[in-house]
Structures are given as structure tokens and as C-alpha cells.
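K.L.:
Quick one: this structure, given as C-alpha cells, is what I'll be asking you about.
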Amino acid sequence: MTHTLKTPRPEPVCGMDTWMPTAASIVGVRDENFNTRTFTTQFVDEEIGRRYQFAPGQFNMLYLPGVGEAAFSVSSDVSKPGRIEHTIRRVGSVTRALWRLREGAMIGLRGPFGRAWPMEEMRGRHVVIVAGGIGIAPLRPVIYALLNQPGYCKRLMLLYGCRTPEDRVYADELEAWDNRHDIEVLVTVDNATGDWAGPVGVVTDLLKRVKVAAQETIVLVCGPKLLNRAAAWNFLQLHVPPDRVFLNLERNMNCGFARCGHCQFGGKFVCSDGPVFRFSEIEHIFTKEDM
Amino acid sequence: MSSESKALADFFLPRAGLDELIGVLLAEGYQVLGPTLIHDTVMIRPIDSADQLPRGIRDRQDGGLYRLTAGDPDLSFEYVVGPNGPKPYLFPPKLKLFDFRATEGRFVLEAGPPDVPKYAFLGVRACELAAIAVQDRVFGMAEPGMFRCESESWYTQARENALFIAVNCTQVGGTCFCGSWGTGPRATKGFDLALTELRTGFLVEVGTPRGQAIVDRLPVREPTATELELAELKLHHAEEEMGRHLRTDDAKEVLDQNLEHPRWDQVGNRCLSCGNCTMVCPTCFCCTVEDSTHLDDDLITRTRYWESCYTHQFSYVTTGPERNTIRGRYRHWLRHKVSTWWDQFGTSGCVGCGRCITWCPVGIDLTEEIAAIRDGGGE
């Protein structure tokens, strides 16, 4: 299993100069909440299914003929390569059409693309995962990889924030992880509804409840821009080194492999130099608007 | 192959030989692309005889200004670059990638892209050759290990097929600054043949064995000392007469260290975000790939189109465009061109052709903008 922790950059499985989608069928649909679903897909071609490999943090371009293509982080367990999951929130025309798919539907897939989370840098460290809303999707493979390799990291903590309890993704797994001894889970909501009895406030408020050993810590962040900035700032204030804070960024993507130019952030191609970035690589542009 | 230490040319081709040259290229199966007069501009289009070249034409270019003027009636290449060049041929504004179907649980390729053309570019300038070398890096041809993904195969094949007959500029345009980047006015690499025009004919420098094979079929002779001297004089004159100048040794740092300079606001107020500059720039490569489907068929056509970072949709995410202001989009474009291009491709994205200055409706001049940021000016 240790190969999954070596952050490879697997070859994408698409054809025709990396523009031809590969057929995959939906084999499972699970509701996460009112506007988010996790789809399990399997490649139609078994040989491709055997060849396909992704690293935590990478994404695929998912294609629905007649509708379009969009980038989605792979959200499944790397050790189960035959069944690839994507967690999709219905926010636009492509996501809305994908969200409506049922078991048996066929989609196209190009990938995997992107730079993965730095699994090797988590060895022996305190791993703090900070996620907001749907941002937990690209972090789920990290959690599984670390839980599947006991003792690899010294400590594992998940700080997860959502607008309301109804916006939570992977609610069942959050509870299951909470019951484990090898991961600490803290979940907060901006606004409490129903019988929510947990913390209320932004995700960075959770830092008041935990002790961070800055020199031993590596931080992985994924969420809306404001959360990314707040989390990065907070951990730097706690003296976590800037080259050990990692962020997963989002940009408009068309190709996925640094050809179309859409995803550029400063001079970085988010699809290829990212989507995972070390804070120190982007700090000169990270807090600027209109980049 | 440095042209300082060797003679400018190996051969002289009398003027009538130009038509023969075109004939030889056509006989070899090339589609010949050369400068032509259309819509009061000089545009590169297919030609099949020397008669179609502009004769006795010069151009006057400035910020937002392009005019043709009368020149020496015996000369066919006295103008400089117009709005297009080799780019729309090697990297077409619209290119079908393939046709495919989604049937029986699979995606099936029906047809690939159009056949790769065999182009002979006649009259290509040094700055354009430099731009092609830049695009070679962008599309992954040069130093494949340096770039992230596989090379663009249609471009790579079209590029390898293409023959380049350069013309050294003997007049320099009002917006030209190739001298600042060392990309001209004299062509020093990337050509199969390089011509320097005199009234009586052309000095011919051979660049490749392919070029030599063409020359072998033409009525060339050895150039005289006078002809060589005259050509050198004209080229030297061109070097002295650059329309614009840009200090390039620190252009990257000037922009990187002044991301919030007030000059960006000032130019952002003038820029229309029209994207003309990205259309005429010979190195811009951004594109969008889109599918079109057919109502009566399940055939899908995947097409690649030119795209500009100045459009609203270019950086669009769920919350809106990431570069939401014209200031931000102009800053992105200029910074990409002279700064981050270095980080991405190890070269400048600008070759000093001046087209962005000429074809900007409001005459924004990047040499002026960079100088203003460097000198701290900003109104």
C-alpha cells in the first residue's frame, strides 16, 4: 500500500492528444445532502479500469455529451482503483446535468490531472486537514490513505466547516471517523439549525480548541477562497512554516493539462502546477484580487 | 550560424527569379503563403505568383494607427508586419480536433483533424520566426522534457512540414522593437532561406539543406561585393531606426515587483478589454475547446477556438470571473507576456513585433507602460 503514499503523477488515460474522453458508467449514486451527490464510476473498458490510477488531490474532467465538461476532484479511496468517486455539487449547467444522472448512465472521463497532495511530507508529522463545504472532497482520499496506513503520520486532525448542518458532505463518514482513535474530527457550522449541538462559527475558530505543534505540523486546506485565506493566515500566525501549508485551488479549466491557458493564476497553471500548491510558492499573489 | 562573422548571403537571385521561386515551391507541393494587399492592409494569404505581392508599398504604424503609403515602386517587401502572420496557419483560429460518437457505452473516434498542410511561408520576418520558436516551446516541440504534457501533434507536424523563406527588414515599422529583444530586424535562425531585397533582386542566405535544395533549382549567381555592401547598409539602417525601445533586462522584475502600481489603474481605464492584442500577437496561444452536436445524428465535433484572456468567460468560476476588472485582465496579459512566460517556458513571450501597439484601438503601448512602471510614473 505504501506506493499510494509516494505521490506519483500517473499518466492520464485519455486519447487523441489528451482531448478524447474515456467511457465510464455510473455504478452508484449517494446523496450527501440536498444539492450534493457522490457518484461512483467504473470504466467501461476493463483494461483501462486496471490502468487508471490517481493520487490524492488530482482531478478528472468529466464529460456529459451535449452538455459539457468540468473539472472534479477524485474523492475516493486510492486503494480501491476500480471504483472512482466524484462528489458533485449542483451549482451550474454541467453540474446540474451530472447531478441528475442515475446508475447505468454513461459519462466521459479525461484524467487524472494535476499535482497531488504531498503524501511523503506527511510521514511522521501532525497532519491538520482544514476543509470547507465541498472542499472536503479532494481531501477525503488523503484521509483514507492515512487511515489505511496506521502509524504513517503521527497525528491526524480534520477541521471541517459548513454553512449549516445540512451542507455537510460525508456526514456518515464524519461520524465514523469521529469514533476512531486515530483521527480527531471537529465540525463547525456558521449557522446552527435543527438539533445541532456542536461548535458554531467559522472553521478557523476551531483552532481555539486544539493545540498545534507548529514545527511538526503540515496543513492541508481546501474550501472557498475566504476559508483558504483565513486558514493559511491562522496557521502562519501559529508559526507553521509557509512551505508546510498546502492549498487546493480552483480555476476555470478547459483542457486540464496546461494547454488552453484558462486556469492561470499569476504564472501558475492551476491544472498542472496545482491544484495543490505550497503556500510559499504562491504567497506573492495569494491575497491579491483580480489575479 | 552567426551572420556577423559570415557574409550576408551565399547567392543573388535576380528579381524575375522570385516568380520562379514561387513556381518551384508550388511544384514541390507547398501551399505558398505570402503578403498580399487586402482591405488596405498587408495580410499573409495564399499566393501563386509574384504579381500578387504588394509592390511599391510602405506602411506607417503607430499606437492604434496603420496606414499604407507609397514606397519604392521597384520593391515588394518595403513594409513590415501586418495584423496576421504564420500563426493563424500553424495554430488556426478554429481547428476541428476530431469527430466522435457516444454509442453503446463507448466513445468512438469517427474522424481526426483536417490533413496537416504543407506550407511555404514567403516573406516571413525575423520577429515572426522568433515567435514561432516561442510557440514551439508552448506546444511542446522544443525540449519536451521541459513542458508538462505531450506536444500538440497537429502543430508539430504542420511546423515540421513548413518551409520558411524569410525576408530581412530593410525598413522598420513605427511600433517595432525587435531590436530590444534581439529578435530582429535581421533573421539569424529558423529559416530555410533568408532574402534581403534590392531593386535588382535578392541576396539569398541558405539556412538549411531544404533551403539549399530549393536554391539549386533557381537561376542564382554569386553576389557581387557591391550588392553585399548595399544590403548590409540597408540592414544597418533598419537596426538604427527602431520605432520603439524597451529595456528588457529587468522587464520581468519591474512587473513582478509592482503588482499594485497605480499605473495599472491608469492603463485599466484606457484598455477596452477588446482582445485585439491577443488576436494579433504571434505568441498568444490561449484557446477554448468546445463540442457541437447534431440534432439528427449522434455525431459530436470537438473544435478548438482561439480564446482571449480579456473575455469575461476566460477566468469564470461559480462566483464570477476571477479577473473581474479590466485592470486585472490587462495586468494578467502583460505580466504573462514579459514575466511569467519566462517561468512557464523559459523565454520571453514578447518578440517586439509591435502589433499589439498598432492594433490597439486606443494605442496602448507596452513599452511605454513598462517604462512608466519602472520610472514610478502613474497619473
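Labeling convention for the C-alpha cells: chains A, B, ... as they appear, residues from 1 per chain, ligands from 1 in order of appearance.
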Just asking: which residues within segment 44-267 of chain A are strand (DSSP E or B) according to DSSP, as JSON, numbers by chain?
P.N.:
{"A": [59, 60, 61, 62, 63, 64, 68, 69, 70, 71, 72, 73, 84, 85, 86, 87, 88, 89, 106, 107, 108, 109, 110, 111, 112, 113, 115, 126, 127, 128, 129, 130, 131, 132, 155, 156, 157, 158, 159, 160, 161, 162, 184, 185, 186, 187, 188, 189, 200, 217, 218, 219, 220, 221, 222, 245, 246, 247, 248, 264, 265]}
K.L.:
Pick out each residue of segment 113-243 of chain A that DSSP on the backbone tags as alpha helix (DSSP H); I need them as a VMD selection string.
P.N.:
chain A and resid 140 to 147 171 to 178 225 to 237
K.L.:
Can you pull out every residue within 9 Å of Leu146 of chain A, counting only C-alpha atoms, but drop anything in the same chain fewer than 6 positions away, and send it as a ChimeraX atom specification?
P.N.:
/A:5,119,122,152-153,156
K.L.:
Within 7 Å of chain B, which residues of chain A are there when counting only C-alpha atoms? Please give them as a PyMOL selection string.
P.N.:
chain A and resi 17+22-23+44+66+106+251-252+254+257+260-263+266-267+290-291
K.L.:
With C-alpha atoms kept, could you save the residues just selected as a JSON list (two decimals), in the first residue's frame?
P.N.:
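Writing the result to out_29.json gives the following:
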[["chain", "number", "residue", "atom", "x", "y", "z"],
["A", 17, "ASP", "CA", -3.74, 14.24, -27.76],
["A", 22, "THR", "CA", -12.82, 7.64, -21.99],
["A", 23, "ALA", "CA", -16.18, 6.00, -21.34],
["A", 44, "VAL", "CA", -16.41, 0.59, -19.46],
["A", 66, "GLY", "CA", -24.38, 17.54, -25.32],
["A", 106, "MET", "CA", -22.51, 6.86, -19.31],
["A", 251, "ARG", "CA", -9.87, 27.96, -11.52],
["A", 252, "ASN", "CA", -11.74, 27.80, -14.80],
["A", 254, "ASN", "CA", -10.94, 23.63, -20.13],
["A", 257, "PHE", "CA", -3.16, 19.84, -18.92],
["A", 260, "CYS", "CA", -5.69, 26.22, -23.01],
["A", 261, "GLY", "CA", -4.43, 28.83, -20.57],
["A", 262, "HIS", "CA", -7.74, 29.41, -18.77],
["A", 263, "CYS", "CA", -6.62, 28.27, -15.33],
["A", 266, "GLY", "CA", -0.32, 34.63, -11.87],
["A", 267, "GLY", "CA", 2.00, 32.43, -13.87],
["A", 290, "ASP", "CA", -8.02, 40.08, -9.86],
["A", 291, "MET", "CA", -5.13, 37.71, -10.39]]
K.L.:
Can you list, as a list in words, every protein, DNA or RNA residue that comes within 7 Å of segment 80-92 of chain A when you count only C-alpha atoms, leaving out same-chain residues fewer than 5 positions away?
P.N.:
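These residues fall inside the cut-off: Asn35, Thr36, Arg37, Thr38, Phe39, Thr40, Thr41, Gln42, Gly49, Arg50, Gln53, Phe72, Ser73, Val74, Ser75, Trp99 and Ala137 of chain A.
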K.L.:
Store the residues picked out above in a file with C-alpha atoms, as a PDB file, in the first residue's frame.
P.N.:
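Saved file again-v3.pdb follows:
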ATOM      1  CA  ASN A  35     -27.536  19.568  -3.573  1.00  0.00           C
ATOM      2  CA  THR A  36     -24.543  17.251  -3.441  1.00  0.00           C
ATOM      3  CA  ARG A  37     -24.147  13.687  -4.635  1.00  0.00           C
ATOM      4  CA  THR A  38     -21.268  11.261  -4.755  1.00  0.00           C
ATOM      5  CA  PHE A  39     -21.113   9.248  -7.961  1.00  0.00           C
ATOM      6  CA  THR A  40     -19.182   6.025  -8.203  1.00  0.00           C
ATOM      7  CA  THR A  41     -17.925   5.315 -11.703  1.00  0.00           C
ATOM      8  CA  GLN A  42     -16.324   2.361 -13.347  1.00  0.00           C
ATOM      9  CA  GLY A  49     -10.011   0.434 -15.435  1.00  0.00           C
ATOM     10  CA  ARG A  50      -6.977  -1.615 -14.402  1.00  0.00           C
ATOM     11  CA  GLN A  53      -4.539   5.295 -11.107  1.00  0.00           C
ATOM     12  CA  PHE A  72     -13.913  17.393 -10.451  1.00  0.00           C
ATOM     13  CA  SER A  73     -11.541  16.221  -7.754  1.00  0.00           C
ATOM     14  CA  VAL A  74     -11.401  12.498  -7.298  1.00  0.00           C
ATOM     15  CA  SER A  75     -12.883  11.901  -3.860  1.00  0.00           C
ATOM     16  CA  TRP A  99     -26.265  15.611 -10.669  1.00  0.00           C
ATOM     17  CA  ALA A 137     -13.916  16.153  -1.491  1.00  0.00           C
TER      18      ALA A 137
END
K.L.:
Mind giving me the straight-line distance from atom CA of Ile136 of chain A to atom CA of Cys222 of chain A in Å, one decimal?
P.N.:
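We find that atom CA of Ile136 of chain A and atom CA of Cys222 of chain A lie 6.6 Å from each other.
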K.L.:
Taking 4 positions as the minimum chain separation for residues in the same chain, which residues sit within 9 Å of Tyr119 of chain B when counting only C-alpha atoms? Answer as a PyMOL selection string.
P.N.:
chain B and resi 29-33+89-90+158-159+161-164
K.L.:
Would you list the contacts of Val206 of chain B as JSON, numbers by chain, taking every protein, DNA or RNA residue within 12 Å and counting only C-alpha atoms, but skipping same-chain residues closer than 3 positions in sequence?
P.N.:
{"B": [1, 3, 6, 7, 8, 9, 10, 11, 12, 164, 165, 166, 187, 188, 189, 190, 191, 192, 193, 194, 195, 196, 203, 209, 210, 211, 212, 213, 214, 215, 216]}
K.L.:
Measuring atom to atom with only C-alpha atoms, identify which of A:Gly15, A:Pro21, A:Gly274, A:Pro199 is nearest to Ala116 of chain A.
P.N.:
A:Gly274
K.L.:
Name all residues at most 7 Å from Tyr310 of chain B (count only C-alpha atoms; drop same-chain ones fewer than 6 positions away) and give them as a PyMOL selection string.
P.N.:
chain B and resi 273-275+329
K.L.:
Just C-alpha atoms for this one: save the residues we selected as a tab-separated table (two decimals), in the first residue's frame.
P.N.:
chain	number	residue	atom	x	y	z
B	273	SER	CA	-10.59	44.64	-22.97
B	274	CYS	CA	-11.33	44.07	-26.67
B	275	GLY	CA	-8.68	41.40	-27.07
B	329	ARG	CA	-7.03	41.45	-17.15
K.L.:
Which one is closest to Pro35 of chain B: B:Lys252, B:Arg60, B:Arg125, B:His236? Count only C-alpha atoms.
P.N.:
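Ranked by minimum distance to Pro35 of chain B, first place goes to B:Arg125.
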